[in-house]
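Asker: One structure, pasted below without further comment.
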Amino acid sequence: MNKYEYIDLKYRPKPSDLVAKYRIVPNGVSIEKACEHIAAESSIGTWTEICTMSSRIMNKLKPHVYDIDKRRGVVKIAYTSELFEEGNIPQILSSIAGNIFGMNAITSLKLLDVSFPKKIITASPGPAFGIKGVRKVTGISKRPLVGTIIKPKVGLDSLGHTNVAYSAWVGGLDIVKDDENLTSLPFNKFNERIRLTLRARDKAEIKTGEKKIYMPNVTAETNEMLRRARFVKAHGGKYVMIDILTAGFSALQTLRIADLGLVIHAHRAMHGAITRSPEHGISMLTIAKISRLIGVDQLHIGAIIGKMHGSGKEVLSIQEGITAKTVNEDDKRDVLYQNWYGRNPVLPVASGGLHPGHVLGVMKYMGPDIVMQFGGGCHGHPKGTEAGGRAIRQAVEAVAFRRPGGEELREALSYWGK
């Protein structure tokens with residue numbers, strides 16, 4: 001007889017199960033005992049026997065710990081979908097990533113991956129545009145999209161911001177994006193910045209004959225966020241950006257189901273506080289899958305190369321998790337099985353310390369279906385922002401189409417290296 005209520009190594013997950021993969025470091029107990037505490041606390045149990053529990057509830061709703069790798073401390077738990085409210089991402093996370101992180105039975109816990117059943121996936125809209133939709137909006141089909149983040153992050157007034165954006169666009173960049181902490185500040189008010197920058201976008205389109213994109217940051221209290229998003233749409237914007245973790249998944253859901261016809265660009269500010277430790281927290285892969293489920297169209301995932309933490313294996317597994325139609329659990333990348341039931345794939349965004357000399361490496365590893373964002377790697381060009389934009393565009397076209405680079409690219413490579 002199994003002495004554990006929730007461990008069943010013969011169990012095989014059903015298509016209707018939500019499957020979570022954790023790394024566990026127990027605190028003075030066996031890994032099996034730690035698994036029991038986690039499975040109970042995340043579902044129907046508590047720390048002691050209770051008179052209100054019945055065999056009916058236990059048999060119907062208990063999760064199953066079906067895989068334990070003691071060497072790595074990695075376990076997989078299957079939860080029946082009846083434990084979750086469809087379309088309610090906060091409730092789902094309150095279960096599989098809630099109280100369990102503070103339990104005495106563990107020293108540390110990391111939610112490595114999650115696989116959602118059809119019932120939960122189809123209750124959420126997923127991305128409205130995704131990769132194909134973004135390419136249709138931008139008119140760019142065969143190369144990565146390239147953009148910049150206005151620098152300094154904050155400090156420029158609305159007109160200064162607009163002038164930098166225009167220089168980047170006429171230099172050849174497709175995208176100008178607000179940084180994660182630029183919202184509506186005393187010296188750079190949101191409404192004025194949007195009006196001026198979108199007018200500059202229109203001028204840049206006329207001058208270059210190309211489609212140009214502005215991604216304003218609408219992150220704010222939820223009602224204000226929606227007001228700002230509607231303001232962007234009313235003034236001819238096609239995109240909005242939101243800091244998905246600081247705003248919260250509820251706010252992201254609210255923005256998505258408002259269905260404003262705007263591409264949603266997701267910035268992952270604050271993720272390092274949650275994802276960086278290999279032993280504790282929630283993986284970026286999990287956050288990425290939740291973001292796809294809710295319905296972002298673009299998501300920052302790291303760039304392998306550059307200033308931000310994240311191994312190549314990790315970044316590529318995240319890219320796989322938000323772009324693949326189906327991933328097999330026994331795949332060598334060790335991500336959980338996930339069928340997305342027709343939900344659009346998300347366009348990955350590579351950013352963080354990139355310059356033109358990184359383009360070849362980023363495209364080699366991540367392919368053409370990406371957005372590459374350059375901040376200092378554009379504005380730090382020896383000849384300024386417009387030249388920086390030209391260098392980046394030249395680098396991308398050199399790799400994608402084998403076109404010779406120009407003077408601006410040569411200067412960038414001389415300055416930053418290859």
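Residues in the structure tokens are named by chain (A, B, ... in the order shown) and by number from 1 within that chain; ligands are numbered from 1 in the order shown.
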Gly130 (chain A): which residues within 7 Å, counting only C-alpha atoms, same-chain residues fewer than 6 positions away excluded, as a list of chain:residue names?
Answerer: A:Asp297, A:Asn344, A:Pro345, A:Val346, A:Leu347
Asker: Export, as a PDB file, in the first residue's frame, the selected residues with C-alpha atoms.
Answerer:
```pdb
ATOM      1  CA  ASP A 297       1.786  39.194 -29.636  1.00  0.00           C
ATOM      2  CA  ASN A 344      -1.141  32.034 -32.604  1.00  0.00           C
ATOM      3  CA  PRO A 345       2.578  31.813 -31.859  1.00  0.00           C
ATOM      4  CA  VAL A 346       4.219  34.813 -30.190  1.00  0.00           C
ATOM      5  CA  LEU A 347       6.948  36.818 -31.910  1.00  0.00           C
TER       6      LEU A 347
END
```
Asker: I'd like to know which residues of region 204-315 of chain A are strand (DSSP E or B) (by DSSP, run on the backbone); could you write them as a VMD selection string?
Answerer: chain A and resid 213 to 215 217 239 to 243 263 to 267 281 to 282 298 to 300
Asker: Tell me, in Å to one decimal, how far CA of Ile120 (chain A) is from CA of Asp259 (chain A).
Answerer: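 Going from CA of Ile120 (chain A) over to CA of Asp259 (chain A) covers 19.3 Å.
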Asker: For Leu159 (chain A), list every protein, DNA or RNA residue within 12 Å, evaluated using only C-alpha atoms, and leave out those in the same chain fewer than 3 positions away; present the list as a PyMOL selection string.
Answerer: chain A and resi 155-156+162-166+187-190+192-200
Asker: Store the residues picked out above in a file with C-alpha atoms, as an mmCIF file, in the first residue's frame.
Answerer:
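Printed below is selection23.cif as written:
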```cif
data_model
loop_
_atom_site.group_PDB
_atom_site.id
_atom_site.type_symbol
_atom_site.label_atom_id
_atom_site.label_comp_id
_atom_site.auth_asym_id
_atom_site.auth_seq_id
_atom_site.Cartn_x
_atom_site.Cartn_y
_atom_site.Cartn_z
ATOM 1 C CA GLY A 155 14.885 62.439 -19.137
ATOM 2 C CA LEU A 156 13.892 63.608 -22.606
ATOM 3 C CA THR A 162 10.014 62.574 -30.883
ATOM 4 C CA ASN A 163 13.161 63.862 -32.560
ATOM 5 C CA VAL A 164 15.154 60.801 -31.509
ATOM 6 C CA ALA A 165 12.379 58.520 -32.760
ATOM 7 C CA TYR A 166 12.306 60.241 -36.147
ATOM 8 C CA PHE A 187 8.581 66.338 -18.061
ATOM 9 C CA ASN A 188 7.169 63.904 -20.637
ATOM 10 C CA LYS A 189 3.400 63.547 -20.475
ATOM 11 C CA PHE A 190 1.860 60.521 -22.154
ATOM 12 C CA GLU A 192 1.647 64.845 -25.741
ATOM 13 C CA ARG A 193 4.322 62.239 -26.417
ATOM 14 C CA ILE A 194 1.881 60.009 -28.294
ATOM 15 C CA ARG A 195 0.561 62.839 -30.477
ATOM 16 C CA LEU A 196 4.020 64.139 -31.385
ATOM 17 C CA THR A 197 5.669 60.761 -31.911
ATOM 18 C CA LEU A 198 2.890 59.368 -34.094
ATOM 19 C CA ARG A 199 3.060 62.497 -36.262
ATOM 20 C CA ALA A 200 6.808 61.910 -36.586
#
```
Asker: Leaving out Arg228 (chain A) and any residue of its chain fewer than 5 positions from it, which residues lie within 9 Å of it when counting only C-alpha atoms, given as a list in words?
Answerer: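 My list of contacting residues is Phe190, Asn191, Asn217, Val218, Thr219, Ala220, Asn223 and Lys233 of chain A.
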Asker: Running DSSP on the backbone, which parts of region 153-253 of chain A land in alpha helix (DSSP H), as an MDAnalysis selection string?
Answerer: chainID A and resid 158:170 190:208 222:234 244:247 249:253
Asker: Using the selection just defined, write its residues with N, CA and C atoms as a short mmCIF file (atom, residue, chain, number, x, y, z; two decimals), in the first residue's frame.
Answerer:
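Everything below was put into out.cif:
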```cif
data_model
loop_
_atom_site.label_atom_id
_atom_site.label_comp_id
_atom_site.auth_asym_id
_atom_site.auth_seq_id
_atom_site.Cartn_x
_atom_site.Cartn_y
_atom_site.Cartn_z
N SER A 158 8.89 65.49 -24.38
CA SER A 158 8.13 64.87 -25.48
C SER A 158 8.73 65.19 -26.84
N LEU A 159 9.15 66.44 -27.04
CA LEU A 159 9.72 66.82 -28.33
C LEU A 159 11.08 66.16 -28.54
N GLY A 160 11.89 66.11 -27.49
CA GLY A 160 13.18 65.44 -27.61
C GLY A 160 13.01 63.97 -27.93
N HIS A 161 12.07 63.32 -27.29
CA HIS A 161 11.74 61.92 -27.57
C HIS A 161 11.34 61.76 -29.03
N THR A 162 10.50 62.65 -29.51
CA THR A 162 10.01 62.57 -30.88
C THR A 162 11.15 62.72 -31.88
N ASN A 163 12.05 63.64 -31.63
CA ASN A 163 13.16 63.86 -32.56
C ASN A 163 14.08 62.65 -32.65
N VAL A 164 14.33 62.01 -31.51
CA VAL A 164 15.15 60.80 -31.51
C VAL A 164 14.44 59.68 -32.27
N ALA A 165 13.15 59.54 -32.06
CA ALA A 165 12.38 58.52 -32.76
C ALA A 165 12.45 58.72 -34.27
N TYR A 166 12.27 59.95 -34.71
CA TYR A 166 12.31 60.24 -36.15
C TYR A 166 13.67 59.89 -36.74
N SER A 167 14.73 60.23 -36.04
CA SER A 167 16.08 59.91 -36.53
C SER A 167 16.27 58.41 -36.68
N ALA A 168 15.77 57.66 -35.72
CA ALA A 168 15.90 56.20 -35.78
C ALA A 168 15.13 55.63 -36.96
N TRP A 169 13.92 56.12 -37.17
CA TRP A 169 13.12 55.63 -38.29
C TRP A 169 13.74 55.95 -39.65
N VAL A 170 14.16 57.16 -39.84
CA VAL A 170 14.73 57.51 -41.15
C VAL A 170 16.09 56.83 -41.36
N PHE A 190 2.23 61.58 -21.23
CA PHE A 190 1.86 60.52 -22.15
C PHE A 190 1.14 61.06 -23.40
N ASN A 191 0.07 61.82 -23.20
CA ASN A 191 -0.74 62.25 -24.34
C ASN A 191 0.05 63.08 -25.34
N GLU A 192 0.85 64.01 -24.84
CA GLU A 192 1.65 64.85 -25.74
C GLU A 192 2.67 63.99 -26.48
N ARG A 193 3.32 63.08 -25.77
CA ARG A 193 4.32 62.24 -26.42
C ARG A 193 3.70 61.40 -27.54
N ILE A 194 2.54 60.85 -27.29
CA ILE A 194 1.88 60.01 -28.29
C ILE A 194 1.54 60.83 -29.53
N ARG A 195 0.94 62.00 -29.33
CA ARG A 195 0.56 62.84 -30.48
C ARG A 195 1.78 63.21 -31.31
N LEU A 196 2.84 63.68 -30.65
CA LEU A 196 4.02 64.14 -31.38
C LEU A 196 4.75 62.98 -32.07
N THR A 197 4.89 61.87 -31.36
CA THR A 197 5.67 60.76 -31.91
C THR A 197 4.94 60.09 -33.07
N LEU A 198 3.63 59.96 -32.98
CA LEU A 198 2.89 59.37 -34.09
C LEU A 198 2.89 60.29 -35.33
N ARG A 199 2.90 61.59 -35.11
CA ARG A 199 3.06 62.50 -36.26
C ARG A 199 4.43 62.30 -36.90
N ALA A 200 5.46 62.15 -36.07
CA ALA A 200 6.81 61.91 -36.59
C ALA A 200 6.86 60.58 -37.33
N ARG A 201 6.15 59.59 -36.83
CA ARG A 201 6.08 58.30 -37.53
C ARG A 201 5.52 58.49 -38.94
N ASP A 202 4.44 59.26 -39.05
CA ASP A 202 3.84 59.50 -40.36
C ASP A 202 4.82 60.19 -41.31
N LYS A 203 5.55 61.17 -40.79
CA LYS A 203 6.55 61.86 -41.61
C LYS A 203 7.66 60.90 -42.04
N ALA A 204 8.07 60.03 -41.15
CA ALA A 204 9.13 59.07 -41.48
C ALA A 204 8.66 58.08 -42.53
N GLU A 205 7.39 57.69 -42.46
CA GLU A 205 6.86 56.78 -43.48
C GLU A 205 6.85 57.43 -44.86
N ILE A 206 6.49 58.71 -44.90
CA ILE A 206 6.49 59.43 -46.18
C ILE A 206 7.91 59.55 -46.72
N LYS A 207 8.85 59.86 -45.85
CA LYS A 207 10.24 60.06 -46.27
C LYS A 207 10.89 58.76 -46.74
N THR A 208 10.60 57.65 -46.05
CA THR A 208 11.29 56.39 -46.35
C THR A 208 10.50 55.46 -47.26
N THR A 222 -5.18 49.82 -14.02
CA THR A 222 -5.87 49.16 -15.13
C THR A 222 -6.79 50.09 -15.92
N ASN A 223 -7.61 50.87 -15.25
CA ASN A 223 -8.52 51.77 -15.98
C ASN A 223 -7.74 52.82 -16.76
N GLU A 224 -6.68 53.35 -16.17
CA GLU A 224 -5.85 54.33 -16.86
C GLU A 224 -5.11 53.67 -18.02
N MET A 225 -4.69 52.44 -17.84
CA MET A 225 -4.04 51.70 -18.92
C MET A 225 -4.96 51.59 -20.14
N LEU A 226 -6.21 51.25 -19.91
CA LEU A 226 -7.16 51.14 -21.01
C LEU A 226 -7.41 52.49 -21.67
N ARG A 227 -7.50 53.55 -20.84
CA ARG A 227 -7.69 54.88 -21.42
C ARG A 227 -6.52 55.23 -22.33
N ARG A 228 -5.32 54.95 -21.88
CA ARG A 228 -4.15 55.26 -22.69
C ARG A 228 -4.11 54.43 -23.97
N ALA A 229 -4.47 53.16 -23.87
CA ALA A 229 -4.48 52.31 -25.06
C ALA A 229 -5.49 52.84 -26.08
N ARG A 230 -6.65 53.26 -25.61
CA ARG A 230 -7.66 53.82 -26.52
C ARG A 230 -7.20 55.15 -27.12
N PHE A 231 -6.44 55.91 -26.35
CA PHE A 231 -5.88 57.16 -26.86
C PHE A 231 -4.91 56.88 -28.00
N VAL A 232 -4.07 55.86 -27.82
CA VAL A 232 -3.13 55.46 -28.88
C VAL A 232 -3.89 55.08 -30.14
N LYS A 233 -4.91 54.28 -30.00
CA LYS A 233 -5.70 53.84 -31.16
C LYS A 233 -6.37 55.03 -31.85
N ALA A 234 -6.93 55.95 -31.04
CA ALA A 234 -7.62 57.11 -31.60
C ALA A 234 -6.68 58.01 -32.39
N ILE A 244 4.32 43.40 -18.31
CA ILE A 244 3.32 42.40 -17.93
C ILE A 244 3.42 41.95 -16.47
N LEU A 245 4.60 41.99 -15.90
CA LEU A 245 4.74 41.52 -14.51
C LEU A 245 4.45 42.60 -13.49
N THR A 246 4.92 43.81 -13.74
CA THR A 246 4.63 44.88 -12.79
C THR A 246 3.16 45.30 -12.88
N ALA A 247 2.59 45.25 -14.06
CA ALA A 247 1.16 45.55 -14.21
C ALA A 247 0.32 44.40 -13.68
N PHE A 249 -0.88 39.99 -14.32
CA PHE A 249 -1.56 39.20 -15.35
C PHE A 249 -3.04 39.58 -15.49
N SER A 250 -3.66 40.04 -14.42
CA SER A 250 -5.05 40.49 -14.52
C SER A 250 -5.16 41.70 -15.45
N ALA A 251 -4.23 42.64 -15.28
CA ALA A 251 -4.23 43.82 -16.16
C ALA A 251 -3.97 43.41 -17.60
N LEU A 252 -3.05 42.47 -17.80
CA LEU A 252 -2.78 42.00 -19.16
C LEU A 252 -4.02 41.35 -19.77
N GLN A 253 -4.71 40.54 -18.98
CA GLN A 253 -5.95 39.93 -19.47
C GLN A 253 -6.98 41.00 -19.84
#
```
Asker: Find the residues near region 398-411 of chain A: any atom within 8 Å, counting only C-alpha atoms, skip ones fewer than 3 places away on the same chain, and give them as a list in words.
Answerer: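 In the requested form, the answer reads Lys142, Arg143, Pro356, Val359, Leu360, Met363, Pro368, His381, Pro382, Ala387, Gly388, Arg390, Ala391, Ile392, Gln394, Ala395, Ser414 and Tyr415 of chain A.
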Asker: I'd like to know which of A:Thr254, A:Ser43, A:Gln373, A:Ser141 is closest to Ala350 (chain A), using only C-alpha atoms.
Answerer: A:Gln373
Asker: In Å to one decimal, how far is CA of Cys51 (chain A) from CA of Glu86 (chain A)?
Answerer: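 Computing it gives 29.0 Å between the two atoms.
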Asker: Identify which of the residues A:Leu316, A:Ile290, A:Val296, A:Ile44 lies closest to Pro90 (chain A), counting only C-alpha atoms when measuring atom-to-atom distances.
Answerer: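 That would be A:Ile290, the residue with the smallest distance to Pro90 (chain A).
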Asker: Do you know which residues are at most 8 Å from Lys325 (chain A) counting only C-alpha atoms, after dropping those on the same chain fewer than 3 positions away, and could you put them as a PyMOL selection string?
Answerer: chain A and resi 338-342+345
Asker: Near region 377-380 of chain A, within 7 Å and counting only C-alpha atoms, which residues show up once chain neighbours fewer than 3 positions away are dropped, as a list in words?
Answerer: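 Here the qualifying residues turn out to be Thr148, Gly353, Leu354, His355, Pro356, Phe374, Gly384, Thr385, Gly388 and Gly389 of chain A.
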Asker: Would you mind reading off the distance between CA of Met215 (chain A) and CA of Val176 (chain A), one decimal, in Å?
Answerer: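 Calculated distance between CA of Met215 (chain A) and CA of Val176 (chain A) is 6.3 Å.
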Asker: Pick out the closest residue to Val263 (chain A) from this set: A:Lys153, A:Lys132, A:Lys289, A:Lys383. Count only C-alpha atoms.
Answerer: A:Lys132
